[in-house]
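Trainee: This is the content of coords-v3.txt (compact mmCIF, C-alpha atoms):
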```txt
# COMPACT_ATOMS: atom_id res chain seq x y z
CA MET B 45 -15.23 24.33 -14.08
CA PRO B 46 -12.91 25.06 -11.12
CA VAL B 47 -14.25 22.13 -9.08
CA LEU B 48 -13.61 19.65 -11.88
CA ARG B 49 -10.14 21.09 -12.41
CA ASP B 50 -9.36 20.75 -8.70
CA LEU B 51 -10.70 17.20 -8.71
CA ARG B 52 -8.48 16.30 -11.67
CA VAL B 53 -5.43 17.82 -9.95
CA THR B 54 -6.29 15.96 -6.74
CA LEU B 55 -6.54 12.62 -8.53
CA GLU B 56 -3.18 13.29 -10.16
CA MET B 57 -1.72 14.28 -6.77
CA ILE B 58 -2.79 11.09 -5.02
CA LYS B 59 -1.96 8.93 -8.07
CA TRP B 60 -5.25 7.10 -7.68
CA GLU B 61 -4.27 4.66 -10.42
CA HIS B 62 -1.70 3.23 -7.99
CA SER B 63 -4.58 1.63 -6.09
CA VAL B 64 -3.30 -1.38 -8.07
CA PHE B 65 -0.69 -1.88 -5.33
CA ALA B 66 -3.06 -3.14 -2.64
CA LEU B 67 -6.26 -3.90 -4.58
CA PRO B 68 -5.05 -7.24 -6.04
CA PHE B 69 -4.11 -8.45 -2.55
CA ALA B 70 -7.56 -7.43 -1.31
CA LEU B 71 -9.10 -9.40 -4.15
CA CYS B 72 -6.92 -12.37 -3.15
CA GLY B 73 -8.40 -12.16 0.33
CA ALA B 74 -11.91 -12.03 -1.11
CA MET B 75 -11.33 -15.02 -3.39
CA LEU B 76 -9.70 -17.08 -0.65
CA ALA B 77 -12.73 -16.36 1.54
CA ALA B 78 -15.18 -17.29 -1.21
CA GLY B 79 -13.19 -20.22 -2.58
CA GLY B 80 -13.50 -18.54 -5.97
CA PHE B 81 -15.14 -15.33 -7.12
CA PRO B 82 -17.26 -13.56 -4.49
CA SER B 83 -20.67 -12.29 -5.53
CA LEU B 84 -20.83 -9.34 -7.93
CA HIS B 85 -22.32 -7.23 -5.12
CA GLN B 86 -19.42 -8.04 -2.79
CA LEU B 87 -16.82 -7.53 -5.52
CA LEU B 88 -18.20 -4.14 -6.51
CA TRP B 89 -18.31 -2.75 -2.97
CA ILE B 90 -14.90 -4.17 -2.05
CA ILE B 91 -13.39 -2.32 -5.02
CA VAL B 92 -15.26 0.89 -4.13
CA ALA B 93 -14.10 0.61 -0.52
CA MET B 94 -10.47 0.02 -1.53
CA VAL B 95 -10.30 2.94 -3.95
CA ALA B 96 -12.11 5.28 -1.56
CA ALA B 97 -9.94 4.30 1.41
CA ARG B 98 -6.70 4.76 -0.50
CA SER B 99 -7.89 8.07 -1.95
CA ALA B 100 -8.73 9.37 1.52
CA ALA B 101 -5.39 8.19 2.93
CA MET B 102 -3.26 9.65 0.13
CA ALA B 103 -5.05 13.00 0.10
CA PHE B 104 -4.81 13.23 3.91
CA ASN B 105 -1.10 12.42 3.69
CA ARG B 106 -0.54 15.24 1.19
CA TRP B 107 -2.49 17.64 3.42
CA ALA B 108 -0.68 16.61 6.62
CA ASP B 109 2.73 16.81 4.92
CA ALA B 110 2.15 20.04 2.97
CA ALA B 111 4.70 22.05 4.95
CA ILE B 112 7.25 19.21 4.85
CA ASP B 113 6.74 18.78 1.11
CA ALA B 114 7.22 22.50 0.56
CA ALA B 115 10.61 22.38 2.29
CA ASN B 116 11.80 19.28 0.41
CA PRO B 117 13.18 20.05 -3.09
CA ARG B 118 12.01 16.65 -4.34
CA THR B 119 8.38 17.30 -3.37
CA SER B 120 8.05 21.10 -3.48
CA THR B 121 6.23 20.99 -6.83
CA ARG B 122 3.39 18.84 -5.49
CA ALA B 123 -0.07 20.37 -5.84
CA LEU B 124 -0.52 21.69 -2.29
CA PRO B 125 2.91 23.29 -1.68
CA ALA B 126 2.86 24.66 -5.25
CA GLY B 127 -0.51 26.30 -4.60
CA HIS B 128 -2.42 24.36 -7.27
CA LEU B 129 -4.93 23.17 -4.67
CA SER B 130 -6.33 24.74 -1.52
CA PRO B 131 -6.07 22.87 1.80
CA ALA B 132 -9.84 23.25 2.20
CA PHE B 133 -10.52 21.42 -1.07
CA VAL B 134 -8.18 18.56 -0.12
CA VAL B 135 -9.80 18.20 3.31
CA THR B 136 -13.22 18.11 1.63
CA PHE B 137 -11.95 15.40 -0.70
CA VAL B 138 -10.73 13.38 2.31
CA VAL B 139 -14.10 13.71 4.05
CA VAL B 140 -16.05 12.68 0.94
CA SER B 141 -13.73 9.74 0.20
CA SER B 142 -14.01 8.59 3.82
CA ALA B 143 -17.81 8.80 3.62
CA VAL B 144 -17.79 6.71 0.43
CA PHE B 145 -15.60 4.15 2.21
CA VAL B 146 -18.01 3.90 5.15
CA LEU B 147 -20.94 3.64 2.72
CA ALA B 148 -19.19 0.79 0.89
CA ALA B 149 -18.53 -0.96 4.20
CA SER B 150 -22.20 -0.63 5.13
CA GLN B 151 -23.16 -2.38 1.89
CA LEU B 152 -21.08 -5.45 2.74
CA ASN B 153 -21.98 -6.56 6.27
CA HIS B 154 -22.35 -5.37 9.84
CA LEU B 155 -18.80 -6.20 10.89
CA THR B 156 -17.21 -4.29 8.01
CA LEU B 157 -19.29 -1.27 8.98
CA LEU B 158 -18.27 -1.54 12.64
CA LEU B 159 -14.59 -1.82 11.73
CA SER B 160 -14.57 0.92 9.08
CA PRO B 161 -13.63 3.71 11.55
CA VAL B 162 -10.75 1.55 12.82
CA ALA B 163 -9.48 1.04 9.29
CA LEU B 164 -9.74 4.77 8.57
CA ALA B 165 -7.83 5.59 11.75
CA VAL B 166 -4.95 3.31 10.72
CA LEU B 167 -4.90 4.73 7.19
CA LEU B 168 -4.99 8.38 8.22
CA LEU B 169 -2.80 8.36 11.32
CA TYR B 170 0.07 6.73 9.43
CA SER B 171 0.85 10.18 8.00
CA TYR B 172 2.17 11.38 11.37
CA THR B 173 4.33 8.38 12.29
CA LYS B 174 7.49 9.55 10.55
CA ARG B 175 7.50 12.45 12.98
CA PHE B 176 8.29 10.14 15.90
CA THR B 177 9.39 6.65 14.78
CA ARG B 178 11.81 5.20 12.26
CA TRP B 179 9.48 2.22 11.87
CA SER B 180 6.81 4.23 10.05
CA HIS B 181 7.50 1.98 7.03
CA LEU B 182 5.91 -0.93 8.88
CA VAL B 183 2.91 1.19 9.86
CA LEU B 184 2.38 2.04 6.19
CA GLY B 185 2.79 -1.65 5.39
CA PHE B 186 0.12 -2.57 7.92
CA ALA B 187 -2.21 0.13 6.55
CA LEU B 188 -2.15 -1.65 3.19
CA GLY B 189 -1.76 -5.09 4.74
CA ILE B 190 -5.20 -5.00 6.35
CA ALA B 191 -6.72 -5.03 2.84
CA PRO B 192 -6.87 -8.84 2.39
CA ALA B 193 -8.18 -9.34 5.94
CA ALA B 194 -10.80 -6.63 5.38
CA ALA B 195 -11.85 -8.29 2.11
CA TRP B 196 -12.12 -11.65 3.89
CA ILE B 197 -14.42 -10.06 6.47
CA ALA B 198 -16.39 -8.42 3.66
CA VAL B 199 -17.12 -11.86 2.17
CA ARG B 200 -17.46 -14.03 5.28
CA GLY B 201 -18.58 -11.55 7.95
CA THR B 202 -15.97 -13.05 10.29
CA LEU B 203 -12.18 -13.11 10.54
CA ASP B 204 -10.13 -16.27 9.96
CA LEU B 205 -6.64 -16.06 11.45
CA ARG B 206 -5.17 -17.73 8.36
CA ILE B 207 -5.74 -14.61 6.27
CA LEU B 208 -3.47 -12.67 8.64
CA LEU B 209 -0.56 -14.49 6.97
CA LEU B 210 -1.38 -12.56 3.80
CA THR B 211 -1.75 -9.38 5.86
CA ALA B 212 1.76 -9.97 7.22
CA ALA B 213 3.11 -10.62 3.71
CA VAL B 214 1.68 -7.36 2.38
CA THR B 215 2.90 -5.48 5.47
CA PHE B 216 6.52 -6.49 4.90
CA TRP B 217 6.23 -6.09 1.13
CA VAL B 218 5.07 -2.48 1.42
CA ALA B 219 7.50 -1.72 4.25
CA GLY B 220 10.36 -3.01 2.11
CA PHE B 221 9.64 -0.85 -0.90
CA ASP B 222 8.86 2.15 1.33
CA VAL B 223 12.36 1.83 2.85
CA LEU B 224 13.73 1.90 -0.71
CA TYR B 225 11.64 4.97 -1.52
CA ALA B 226 12.76 6.76 1.66
CA CYS B 227 16.38 6.50 0.56
CA GLN B 228 15.69 9.42 -1.77
CA ASP B 229 15.09 11.69 1.23
CA TYR B 230 18.07 10.61 3.33
CA ASP B 231 19.67 14.08 3.48
CA PHE B 232 16.39 15.95 3.88
CA ASP B 233 15.13 13.68 6.67
CA ARG B 234 18.32 14.28 8.63
CA GLU B 235 18.03 18.05 8.24
CA ALA B 236 14.30 18.16 8.98
CA GLY B 237 14.45 15.79 11.96
CA LEU B 238 12.13 13.26 10.35
CA HIS B 239 12.40 9.57 11.16
CA SER B 240 13.12 6.75 8.72
CA ILE B 241 15.31 3.68 8.54
CA PRO B 242 17.65 5.25 5.93
CA ARG B 243 18.09 8.32 8.11
CA TYR B 244 19.25 6.26 11.10
CA LEU B 245 21.11 3.42 9.40
CA GLY B 246 22.33 5.01 6.20
CA ILE B 247 21.35 4.06 2.67
CA ARG B 248 23.54 0.96 2.35
CA ARG B 249 22.19 -0.66 5.52
CA ALA B 250 18.66 0.46 4.69
CA LEU B 251 18.86 -1.47 1.42
CA TRP B 252 19.69 -4.61 3.42
CA ILE B 253 16.71 -3.95 5.71
CA ALA B 254 14.47 -3.68 2.63
CA ARG B 255 15.86 -6.99 1.35
CA ALA B 256 15.22 -8.60 4.74
CA PHE B 257 11.63 -7.31 4.77
CA HIS B 258 11.03 -8.79 1.32
CA LEU B 259 12.57 -12.10 2.37
CA ILE B 260 10.13 -12.18 5.28
CA MET B 261 7.33 -11.38 2.85
CA VAL B 262 8.23 -14.40 0.74
CA GLY B 263 8.18 -16.58 3.86
CA PHE B 264 4.64 -15.47 4.66
CA LEU B 265 3.54 -16.07 1.06
CA VAL B 266 4.83 -19.63 1.28
CA ALA B 267 2.88 -20.01 4.52
CA VAL B 268 -0.25 -18.82 2.68
CA LEU B 269 0.31 -21.53 0.06
CA ILE B 270 0.54 -24.16 2.77
CA VAL B 271 -2.36 -23.20 5.05
CA PHE B 272 -4.80 -22.65 2.15
CA ARG B 273 -3.50 -25.74 0.33
CA LEU B 274 -2.97 -23.82 -2.87
CA GLY B 275 -1.54 -25.56 -5.92
CA MET B 276 1.06 -25.16 -8.63
CA PHE B 277 -0.33 -21.96 -10.17
CA ALA B 278 -0.19 -20.09 -6.85
CA ALA B 279 3.26 -21.56 -6.18
CA GLY B 280 4.32 -20.33 -9.60
CA GLY B 281 3.04 -16.90 -8.65
CA VAL B 282 5.23 -16.87 -5.55
CA ALA B 283 8.19 -17.92 -7.69
CA LEU B 284 7.49 -14.98 -10.03
CA VAL B 285 7.27 -12.64 -7.05
CA ILE B 286 10.72 -13.78 -5.93
CA VAL B 287 12.19 -13.17 -9.39
CA LEU B 288 10.63 -9.71 -9.64
CA LEU B 289 11.80 -8.75 -6.15
CA LEU B 290 15.34 -9.78 -7.04
CA TYR B 291 15.13 -7.66 -10.18
CA GLU B 292 13.67 -4.74 -8.21
CA HIS B 293 16.55 -4.79 -5.77
CA SER B 294 19.08 -5.07 -8.59
CA LEU B 295 17.85 -1.69 -9.86
CA VAL B 296 18.72 0.13 -6.64
CA LYS B 297 22.30 0.68 -5.48
CA ALA B 298 23.54 2.63 -2.47
CA ASN B 299 25.44 4.97 -4.80
CA ASP B 300 22.83 5.03 -7.58
CA LEU B 301 19.14 5.65 -6.86
CA SER B 302 18.37 6.87 -10.38
CA LYS B 303 16.19 3.83 -11.19
CA LEU B 304 14.25 3.94 -7.95
CA ASN B 305 10.99 5.15 -9.50
CA ALA B 306 11.03 2.21 -11.92
CA ALA B 307 11.62 -0.16 -8.99
CA PHE B 308 8.93 1.45 -6.85
CA PHE B 309 6.06 1.99 -9.27
CA THR B 310 6.47 -0.52 -12.08
CA MET B 311 7.77 -3.62 -10.33
CA ASN B 312 5.46 -3.43 -7.34
CA GLY B 313 2.38 -2.99 -9.50
CA VAL B 314 3.41 -6.02 -11.56
CA ILE B 315 4.10 -8.07 -8.43
CA SER B 316 0.65 -7.51 -6.92
CA VAL B 317 -1.23 -8.18 -10.17
CA LEU B 318 0.73 -11.35 -11.01
CA PHE B 319 0.26 -12.78 -7.53
CA PHE B 320 -3.48 -12.14 -7.70
CA LEU B 321 -3.76 -13.75 -11.13
CA SER B 322 -1.86 -16.83 -9.96
CA VAL B 323 -4.04 -17.30 -6.87
CA ALA B 324 -7.24 -16.61 -8.83
CA THR B 325 -6.27 -19.16 -11.48
CA ASP B 326 -5.48 -21.72 -8.80
CA LEU B 327 -8.78 -21.25 -7.00
CA LEU B 328 -10.90 -21.21 -10.17
CA LEU B 329 -9.32 -24.33 -11.61
CA ARG B 330 -9.75 -26.14 -8.30
CA LYS B 331 -13.40 -25.15 -8.21
```
In structure tokens, how does this file's structure come out?

Mentor:
Amino acid sequence: MPVLRDLRVTLEMIKWEHSVFALPFALCGAMLAAGGFPSLHQLLWIIVAMVAARSAAMAFNRWADAAIDAANPRTSTRALPAGHLSPAFVVTFVVVSSAVFVLAASQLNHLTLLLSPVALAVLLLYSYTKRFTRWSHLVLGFALGIAPAAAWIAVRGTLDLRILLLTAAVTFWVAGFDVLYACQDYDFDREAGLHSIPRYLGIRRALWIARAFHLIMVGFLVAVLIVFRLGMFAAGGVALVIVLLLYEHSLVKANDLSKLNAAFFTMNGVISVLFFLSVATDLLLRK
């Protein structure tokens, strides 16, 4: 069926399986709020909300950037510029995913429902920031960084300022690897008039900015350990994050970006999952 084919192509286009990047940090927020596992009802709808929100954001990004992607040799084979999907289908997918996200928020509590349009606005409007600011990497970071705070609200129905330390950690984590990823488009961004840190500072300096962002991330993770009084397992998780970040940065050189996909996709997925497992273990053993 054409609709099922288009849906399959859309899921491949948005790489929905990469929801693993932010989902473990959202689950960290939920477990910190609950002091262990949240209820099955809360856990289910948090996962639904996360996957739906990311699906809407990624599909909207592909739709908003279709003309840019078509002009960029690296991205010209993506589904929309290649003509494998119609813009109307992608917009429909965004609307449906957004509706599922709002539905999931409504199943959690009143505050999550009230804030769901705000979260969607942040997620969707990020797509336009590289048209006017080099700091779009931080906006993307914040779009994913709100996940643990949103999960905390989903469990507690209120916001505790302590969880914003994890929001800040995720913000700088994502911003750091997005700077790395943007190095691939250094020449194209200059020609197209798009804004990014590599375009303005060059690849070599951009790599140092990415390292600085990840150093800041580690600082916020340590702060999370302290304010939530987490133990040795969570501390071990932060230690593993540091090791993996060092390895990630060792893969990327100013004159050799050939291993960037391995650094971007593999390492960052491992980092988020390992940190979640370490925090979950800590909280469950304490309980």

Trainee: With all atoms listed in the file as the counted atoms, please give the residues lying no more than 12 Å from region 75-85 of chain B, apart from itself and same-chain residues fewer than 3 positions off, as a VMD selection string.

Mentor: chain B and resid 68 to 72 88 to 92 148 to 149 151 to 153 192 to 207 210 268 to 269 271 to 274 278 320 to 331

Trainee: Once you have the residues from the selection above, write them out as a tab-separated table (two decimals), in the coordinates of the input, restricted to C-alpha atoms.

Mentor:
```
chain	number	residue	atom	x	y	z
B	68	PRO	CA	-5.05	-7.24	-6.04
B	69	PHE	CA	-4.11	-8.45	-2.55
B	70	ALA	CA	-7.56	-7.43	-1.31
B	71	LEU	CA	-9.10	-9.40	-4.15
B	72	CYS	CA	-6.92	-12.37	-3.15
B	88	LEU	CA	-18.20	-4.14	-6.51
B	89	TRP	CA	-18.31	-2.75	-2.97
B	90	ILE	CA	-14.90	-4.17	-2.05
B	91	ILE	CA	-13.39	-2.32	-5.02
B	92	VAL	CA	-15.26	0.89	-4.13
B	148	ALA	CA	-19.19	0.79	0.89
B	149	ALA	CA	-18.53	-0.96	4.20
B	151	GLN	CA	-23.16	-2.38	1.89
B	152	LEU	CA	-21.08	-5.45	2.74
B	153	ASN	CA	-21.98	-6.56	6.27
B	192	PRO	CA	-6.87	-8.84	2.39
B	193	ALA	CA	-8.18	-9.34	5.94
B	194	ALA	CA	-10.80	-6.63	5.38
B	195	ALA	CA	-11.85	-8.29	2.11
B	196	TRP	CA	-12.12	-11.65	3.89
B	197	ILE	CA	-14.42	-10.06	6.47
B	198	ALA	CA	-16.39	-8.42	3.66
B	199	VAL	CA	-17.12	-11.86	2.17
B	200	ARG	CA	-17.46	-14.03	5.28
B	201	GLY	CA	-18.58	-11.55	7.95
B	202	THR	CA	-15.97	-13.05	10.29
B	203	LEU	CA	-12.18	-13.11	10.54
B	204	ASP	CA	-10.13	-16.27	9.96
B	205	LEU	CA	-6.64	-16.06	11.45
B	206	ARG	CA	-5.17	-17.73	8.36
B	207	ILE	CA	-5.74	-14.61	6.27
B	210	LEU	CA	-1.38	-12.56	3.80
B	268	VAL	CA	-0.25	-18.82	2.68
B	269	LEU	CA	0.31	-21.53	0.06
B	271	VAL	CA	-2.36	-23.20	5.05
B	272	PHE	CA	-4.80	-22.65	2.15
B	273	ARG	CA	-3.50	-25.74	0.33
B	274	LEU	CA	-2.97	-23.82	-2.87
B	278	ALA	CA	-0.19	-20.09	-6.85
B	320	PHE	CA	-3.48	-12.14	-7.70
B	321	LEU	CA	-3.76	-13.75	-11.13
B	322	SER	CA	-1.86	-16.83	-9.96
B	323	VAL	CA	-4.04	-17.30	-6.87
B	324	ALA	CA	-7.24	-16.61	-8.83
B	325	THR	CA	-6.27	-19.16	-11.48
B	326	ASP	CA	-5.48	-21.72	-8.80
B	327	LEU	CA	-8.78	-21.25	-7.00
B	328	LEU	CA	-10.90	-21.21	-10.17
B	329	LEU	CA	-9.32	-24.33	-11.61
B	330	ARG	CA	-9.75	-26.14	-8.30
B	331	LYS	CA	-13.40	-25.15	-8.21
```

Trainee: Which residue, B:Leu224, B:Ala96, B:Leu169, B:Ala108, has the smallest gap to Val139 (chain B) when you use all atoms listed in the file?

Mentor: B:Ala96

Trainee: Check the smallest atom-to-atom distance from each of B:Ala126, B:Ala115, B:Ala74, B:Ile190 to Glu235 (chain B) using all atoms listed in the file, then report the winner.

Mentor: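 Answer, going by the shortest atom-to-atom distance: B:Ala115.
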
Trainee: Using only C-alpha atoms, which of the listed residues (B:Gln228, B:Thr177, B:Ser142, B:Ser316) sits closest to Val162 (chain B)?

Mentor: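 So, comparing all the options, the nearest one is B:Ser142.
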
Trainee: To one decimal in Å, tell me the separation between CA of Val47 (chain B) and CA of Leu124 (chain B).

Mentor: 15.3 Å

Trainee: Write out as a ChimeraX atom specification each polymer residue whose atoms come within 9 Å of Ser171 (chain B), counting all atoms listed in the file; drop sequence neighbours fewer than 5 positions from it.

Mentor: /B:101-102,104-106,108-109,180,184

Trainee: Using all atoms listed in the file, can you tell me which of B:Arg98, B:Trp217, B:His128, B:Ala111 comes closest to Leu168 (chain B)?

Mentor: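 The closest residue to Leu168 (chain B) is B:Arg98.
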